[in-house]
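Shown next, in structure tokens, is the structure this report addresses.
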Amino acid sequence: MTKTLDYYDSHAEEYRDDTVNVSMKYAYDRFLFYLPKTGKLLDFGCGSGRDTKYFLSKGFTVDPIDGSEEQAKIASAYLQQPVKVMRFDELDAENAYEGIWACASILHCPWQELRDVFGRMMKALKKEGVIYSSFKLGEFEGYRGERYYTDLNVERLFQLVSGYENCLLLECWKSHDQRKDRFDEMWLNFIVRRID
């Protein structure tokens, strides 16, 4: 993860400019469908702060975190609230959130680390809480340029979520990248619920 975080530190403004105005409304609507009208959310790898800002506008309390110090600074200025610098494997909250939003973030974890991180996310949810996450669609794992990726297809998604007895897969869907210059790139999105 260190090399990937170095990338985001050194390309923080470029990444913000590339993502801050991308519309995620379709995914927002599907995520919010499973949530109460208010509550506490974790934006797990918040990047520019785009998604936190949307959820704040809907009346939620949001804890935005990012592993990149530079991304956190940019998001904090954009949101006018602190953004905690924290790696995914440092999450230690329990029964804290109605929802966790992990948009194009935990895909940077190697598969073995991903299983641990996902378990931490499940533990951080309140009962009946939900997680949204998105991964590049495929079976690839390794470096693309300076960033590490673990891609998911439906089979690999089932392998991931079936490791947790209290995890119910509510839905998954494929989507095109919402950036016009990357429309041909495909993503796998999913929502799970903690059911214990």
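Chain identifiers are assigned as A, B, and so on, following the order in which chains appear in the structure tokens; residues are numbered from 1 within each chain, and ligands are numbered from 1 in order of appearance.
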Return as JSON lines the residues of region 22-91 of chain A lying at most 9 Å from region 130-136 of chain A, together with the closest atom-to-atom pair for each and the distance in Å to one decimal, counting only C-alpha atoms, with rows in chain order and ascending residue number.
```
{"residue": "A:Ala27", "atom": "CA", "partner": "A:Tyr132", "partner_atom": "CA", "distance": 8.4}
{"residue": "A:Arg30", "atom": "CA", "partner": "A:Tyr132", "partner_atom": "CA", "distance": 9.0}
{"residue": "A:Phe31", "atom": "CA", "partner": "A:Tyr132", "partner_atom": "CA", "distance": 6.4}
{"residue": "A:Tyr34", "atom": "CA", "partner": "A:Val130", "partner_atom": "CA", "distance": 7.1}
{"residue": "A:Leu35", "atom": "CA", "partner": "A:Val130", "partner_atom": "CA", "distance": 7.4}
```
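Selecting alpha helix (DSSP H) from the backbone DSSP output for region 14-54 of chain A yields Glu14, Tyr15, Arg16, Asp17, Asp18, Thr19, Lys25, Tyr26, Ala27, Tyr28, Asp29, Arg30, Phe31, Leu32, Phe33, Arg50, Asp51, Thr52, Lys53 and Tyr54 of chain A.
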Discussion item. Show me, as a ChimeraX atom specification, the residues that have an atom within 12 Å of region 52-60 of chain A when counting only C-alpha atoms, minus same-chain residues fewer than 4 positions from it.
Written reply: /A:20-25,27-29,31-32,35-48,64-66,75-83,97-103
For N, CA and C atoms, I'd like the residues from the last selection saved as a compact mmCIF listing (two decimals), in the first residue's frame.
```
# COMPACT_ATOMS: atom_id res chain seq x y z
N VAL A 20 -13.69 15.11 -8.49
CA VAL A 20 -14.56 15.83 -7.57
C VAL A 20 -15.94 16.14 -8.16
N ASN A 21 -16.04 16.26 -9.47
CA ASN A 21 -17.33 16.58 -10.10
C ASN A 21 -17.99 15.40 -10.79
N VAL A 22 -17.46 14.20 -10.59
CA VAL A 22 -18.06 13.00 -11.19
C VAL A 22 -19.37 12.67 -10.47
N SER A 23 -20.43 12.47 -11.23
CA SER A 23 -21.74 12.17 -10.64
C SER A 23 -21.82 10.70 -10.22
N MET A 24 -22.12 10.49 -8.94
CA MET A 24 -22.31 9.14 -8.41
C MET A 24 -23.76 8.93 -7.95
N LYS A 25 -24.67 9.74 -8.49
CA LYS A 25 -26.04 9.76 -7.96
C LYS A 25 -26.72 8.39 -8.00
N ALA A 27 -25.41 5.43 -7.70
CA ALA A 27 -24.91 4.62 -6.59
C ALA A 27 -25.36 5.20 -5.25
N TYR A 28 -25.37 6.54 -5.13
CA TYR A 28 -25.86 7.17 -3.90
C TYR A 28 -27.29 6.70 -3.61
N ASP A 29 -28.14 6.76 -4.61
CA ASP A 29 -29.56 6.42 -4.42
C ASP A 29 -29.72 4.97 -3.97
N PHE A 31 -27.49 3.10 -2.38
CA PHE A 31 -26.95 3.00 -1.01
C PHE A 31 -27.94 3.58 0.01
N LEU A 32 -28.44 4.78 -0.26
CA LEU A 32 -29.34 5.46 0.68
C LEU A 32 -30.66 4.74 0.84
N LEU A 35 -30.63 2.77 4.01
CA LEU A 35 -30.24 3.47 5.23
C LEU A 35 -31.43 4.19 5.86
N PRO A 36 -31.36 4.43 7.19
CA PRO A 36 -32.35 5.32 7.80
C PRO A 36 -32.17 6.74 7.27
N LYS A 37 -33.11 7.62 7.59
CA LYS A 37 -33.07 8.99 7.06
C LYS A 37 -31.88 9.79 7.60
N THR A 38 -31.42 9.43 8.78
CA THR A 38 -30.25 10.08 9.36
C THR A 38 -29.39 8.99 9.99
N GLY A 39 -28.19 9.35 10.37
CA GLY A 39 -27.30 8.39 11.01
C GLY A 39 -25.86 8.77 10.75
N LYS A 40 -24.98 7.85 11.11
CA LYS A 40 -23.54 8.10 11.01
C LYS A 40 -22.94 7.20 9.94
N LEU A 41 -22.21 7.81 9.03
CA LEU A 41 -21.57 7.09 7.93
C LEU A 41 -20.06 7.22 8.02
N LEU A 42 -19.37 6.22 7.48
CA LEU A 42 -17.93 6.28 7.30
C LEU A 42 -17.65 6.35 5.81
N ASP A 43 -16.95 7.41 5.39
CA ASP A 43 -16.47 7.49 4.00
C ASP A 43 -15.05 6.95 4.02
N PHE A 44 -14.93 5.70 3.60
CA PHE A 44 -13.72 4.89 3.80
C PHE A 44 -12.81 5.01 2.59
N GLY A 45 -11.93 6.01 2.64
CA GLY A 45 -11.11 6.36 1.49
C GLY A 45 -11.80 7.47 0.73
N CYS A 46 -11.90 8.65 1.35
CA CYS A 46 -12.80 9.70 0.86
C CYS A 46 -12.25 10.47 -0.33
N GLY A 47 -10.95 10.34 -0.65
CA GLY A 47 -10.41 11.05 -1.80
C GLY A 47 -10.65 12.55 -1.71
N SER A 48 -11.29 13.11 -2.71
CA SER A 48 -11.50 14.56 -2.78
C SER A 48 -12.51 15.07 -1.75
N PRO A 64 -15.06 11.17 7.41
CA PRO A 64 -14.25 10.92 6.23
C PRO A 64 -12.82 10.55 6.63
N ILE A 65 -12.28 9.50 6.03
CA ILE A 65 -10.89 9.12 6.28
C ILE A 65 -10.20 8.84 4.95
N ASP A 66 -8.89 9.01 4.95
CA ASP A 66 -8.11 8.65 3.78
C ASP A 66 -6.70 8.31 4.23
N ALA A 75 -9.29 17.28 0.95
CA ALA A 75 -10.67 16.99 1.30
C ALA A 75 -11.12 17.82 2.50
N SER A 76 -10.25 17.99 3.47
CA SER A 76 -10.57 18.78 4.66
C SER A 76 -10.89 20.23 4.28
N ALA A 77 -10.09 20.80 3.38
CA ALA A 77 -10.34 22.17 2.93
C ALA A 77 -11.66 22.26 2.16
N TYR A 78 -11.92 21.25 1.34
CA TYR A 78 -13.15 21.22 0.54
C TYR A 78 -14.39 21.08 1.42
N LEU A 79 -14.28 20.25 2.45
CA LEU A 79 -15.42 19.96 3.31
C LEU A 79 -15.57 20.93 4.48
N GLN A 80 -14.50 21.64 4.78
CA GLN A 80 -14.48 22.50 5.96
C GLN A 80 -14.72 21.69 7.24
N GLN A 81 -14.13 20.52 7.27
CA GLN A 81 -14.14 19.70 8.48
C GLN A 81 -12.92 18.78 8.42
N PRO A 82 -12.46 18.31 9.58
CA PRO A 82 -11.26 17.47 9.59
C PRO A 82 -11.48 16.14 8.85
N VAL A 83 -10.44 15.70 8.17
CA VAL A 83 -10.41 14.38 7.54
C VAL A 83 -9.27 13.61 8.19
N TYR A 97 -21.43 2.55 12.83
CA TYR A 97 -21.94 3.21 11.63
C TYR A 97 -23.18 2.53 11.07
N GLU A 98 -24.13 3.36 10.64
CA GLU A 98 -25.27 2.84 9.88
C GLU A 98 -24.83 2.41 8.48
N GLY A 99 -23.82 3.09 7.96
CA GLY A 99 -23.36 2.75 6.62
C GLY A 99 -21.89 3.08 6.42
N ILE A 100 -21.24 2.30 5.56
CA ILE A 100 -19.85 2.55 5.16
C ILE A 100 -19.82 2.65 3.65
N TRP A 101 -19.27 3.75 3.16
CA TRP A 101 -19.14 4.02 1.73
C TRP A 101 -17.68 3.84 1.37
N ALA A 102 -17.38 2.88 0.51
CA ALA A 102 -15.99 2.59 0.10
C ALA A 102 -15.93 2.57 -1.42
N CYS A 103 -16.00 3.75 -2.00
CA CYS A 103 -16.07 3.90 -3.45
C CYS A 103 -14.66 3.93 -4.04
```
Worksheet item: Within 10 Å of Lys123 (chain A), counting only C-alpha atoms, which residues qualify if same-chain residues fewer than 5 places away don't, as a VMD selection string?
Response: chain A and resid 91 to 97 117 to 118 166 194
Worksheet, complete the sentence: CA of Arg115 (chain A) sits from CA of Tyr164 (chain A) at a separation of 9.6 Å
Per-residue nearest contacts region 33-107 of chain A to region 146-163 of chain A, cut-off 12 Å, using only C-alpha atoms, as a tab-separated table:
```
residue	atom	partner	partner_atom	distance
A:Ala104	CA	A:Tyr149	CA	9.9
A:Ser105	CA	A:Tyr149	CA	9.6
A:Ile106	CA	A:Thr150	CA	8.5
A:Leu107	CA	A:Thr150	CA	5.2
```
For the residues in that selection, give me C-alpha atoms as a tab-separated table (two decimals), in the first residue's frame.
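As a result, part.tsv now contains:
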```
chain	number	residue	atom	x	y	z
A	104	ALA	CA	-13.02	2.84	-5.52
A	105	SER	CA	-10.93	2.69	-2.36
A	106	ILE	CA	-10.43	-0.74	-0.80
A	107	LEU	CA	-9.68	-2.08	-4.28
```
Discussion item. Can you tell me, as a list in words, which residues in region 15-92 of chain A count as strand (DSSP E) by DSSP?
Written reply: Lys40, Leu41, Leu42, Asp43, Phe44, Thr61, Val62, Asp63, Pro64, Ile65, Asp66, Lys84 and Val85 of chain A
Worksheet, complete the sentence: Min atom-atom distance to Lys73 (chain A) from the set A:Arg16, A:Ala124, A:Arg87, A:Glu113, counting only C-alpha atoms, belongs to A:Arg16
Worksheet entry | Gap from CA of Asp177 (chain A) to CA of Phe33 (chain A) - Å, one decimal |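 CA of Phe33 (chain A) lies 21.9 Å from CA of Asp177 (chain A).
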Worksheet item: Using only C-alpha atoms, which residues sit within 8 Å of Ala12 (chain A) once same-chain residues fewer than 2 positions away are excluded, as a list in words?
Response: Tyr8, Asp9, Ser10, Glu14, Tyr15, Arg16, Glu70, Gln71 and Ile74 of chain A
Restricting it to N, CA and C atoms, dump the selection as a PDB file, in the first residue's frame.
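To be explicit, this is the file written out as out.pdb:
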```pdb
ATOM      1  N   TYR A   8      -0.893   8.749  -4.454  1.00  0.00           N
ATOM      2  CA  TYR A   8      -1.970   9.692  -4.141  1.00  0.00           C
ATOM      3  C   TYR A   8      -1.438  10.956  -3.474  1.00  0.00           C
ATOM      4  N   ASP A   9      -0.390  10.833  -2.677  1.00  0.00           N
ATOM      5  CA  ASP A   9       0.217  12.027  -2.091  1.00  0.00           C
ATOM      6  C   ASP A   9       0.790  12.948  -3.171  1.00  0.00           C
ATOM      7  N   SER A  10       1.441  12.361  -4.158  1.00  0.00           N
ATOM      8  CA  SER A  10       2.114  13.172  -5.180  1.00  0.00           C
ATOM      9  C   SER A  10       1.186  13.602  -6.324  1.00  0.00           C
ATOM     10  N   GLU A  14      -4.285  16.587  -8.858  1.00  0.00           N
ATOM     11  CA  GLU A  14      -4.712  16.006 -10.140  1.00  0.00           C
ATOM     12  C   GLU A  14      -5.886  15.041  -9.930  1.00  0.00           C
ATOM     13  N   TYR A  15      -5.796  14.211  -8.895  1.00  0.00           N
ATOM     14  CA  TYR A  15      -6.864  13.251  -8.609  1.00  0.00           C
ATOM     15  C   TYR A  15      -8.147  13.989  -8.212  1.00  0.00           C
ATOM     16  N   ARG A  16      -8.009  15.022  -7.396  1.00  0.00           N
ATOM     17  CA  ARG A  16      -9.193  15.809  -7.030  1.00  0.00           C
ATOM     18  C   ARG A  16      -9.875  16.376  -8.272  1.00  0.00           C
ATOM     19  N   GLU A  70      -1.966  14.017   1.805  1.00  0.00           N
ATOM     20  CA  GLU A  70      -2.275  15.122   0.894  1.00  0.00           C
ATOM     21  C   GLU A  70      -3.741  15.102   0.471  1.00  0.00           C
ATOM     22  N   GLN A  71      -4.273  13.912   0.220  1.00  0.00           N
ATOM     23  CA  GLN A  71      -5.695  13.818  -0.102  1.00  0.00           C
ATOM     24  C   GLN A  71      -6.537  14.314   1.075  1.00  0.00           C
ATOM     25  N   ILE A  74      -6.598  18.131   1.216  1.00  0.00           N
ATOM     26  CA  ILE A  74      -7.459  18.687   0.168  1.00  0.00           C
ATOM     27  C   ILE A  74      -8.933  18.484   0.512  1.00  0.00           C
TER      28      ILE A  74
END
```
Practice prompt. Tell me, in Å to one decimal, how far CA of Glu90 (chain A) is from CA of Phe190 (chain A).
Written response: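 It comes out at 22.8 Å.
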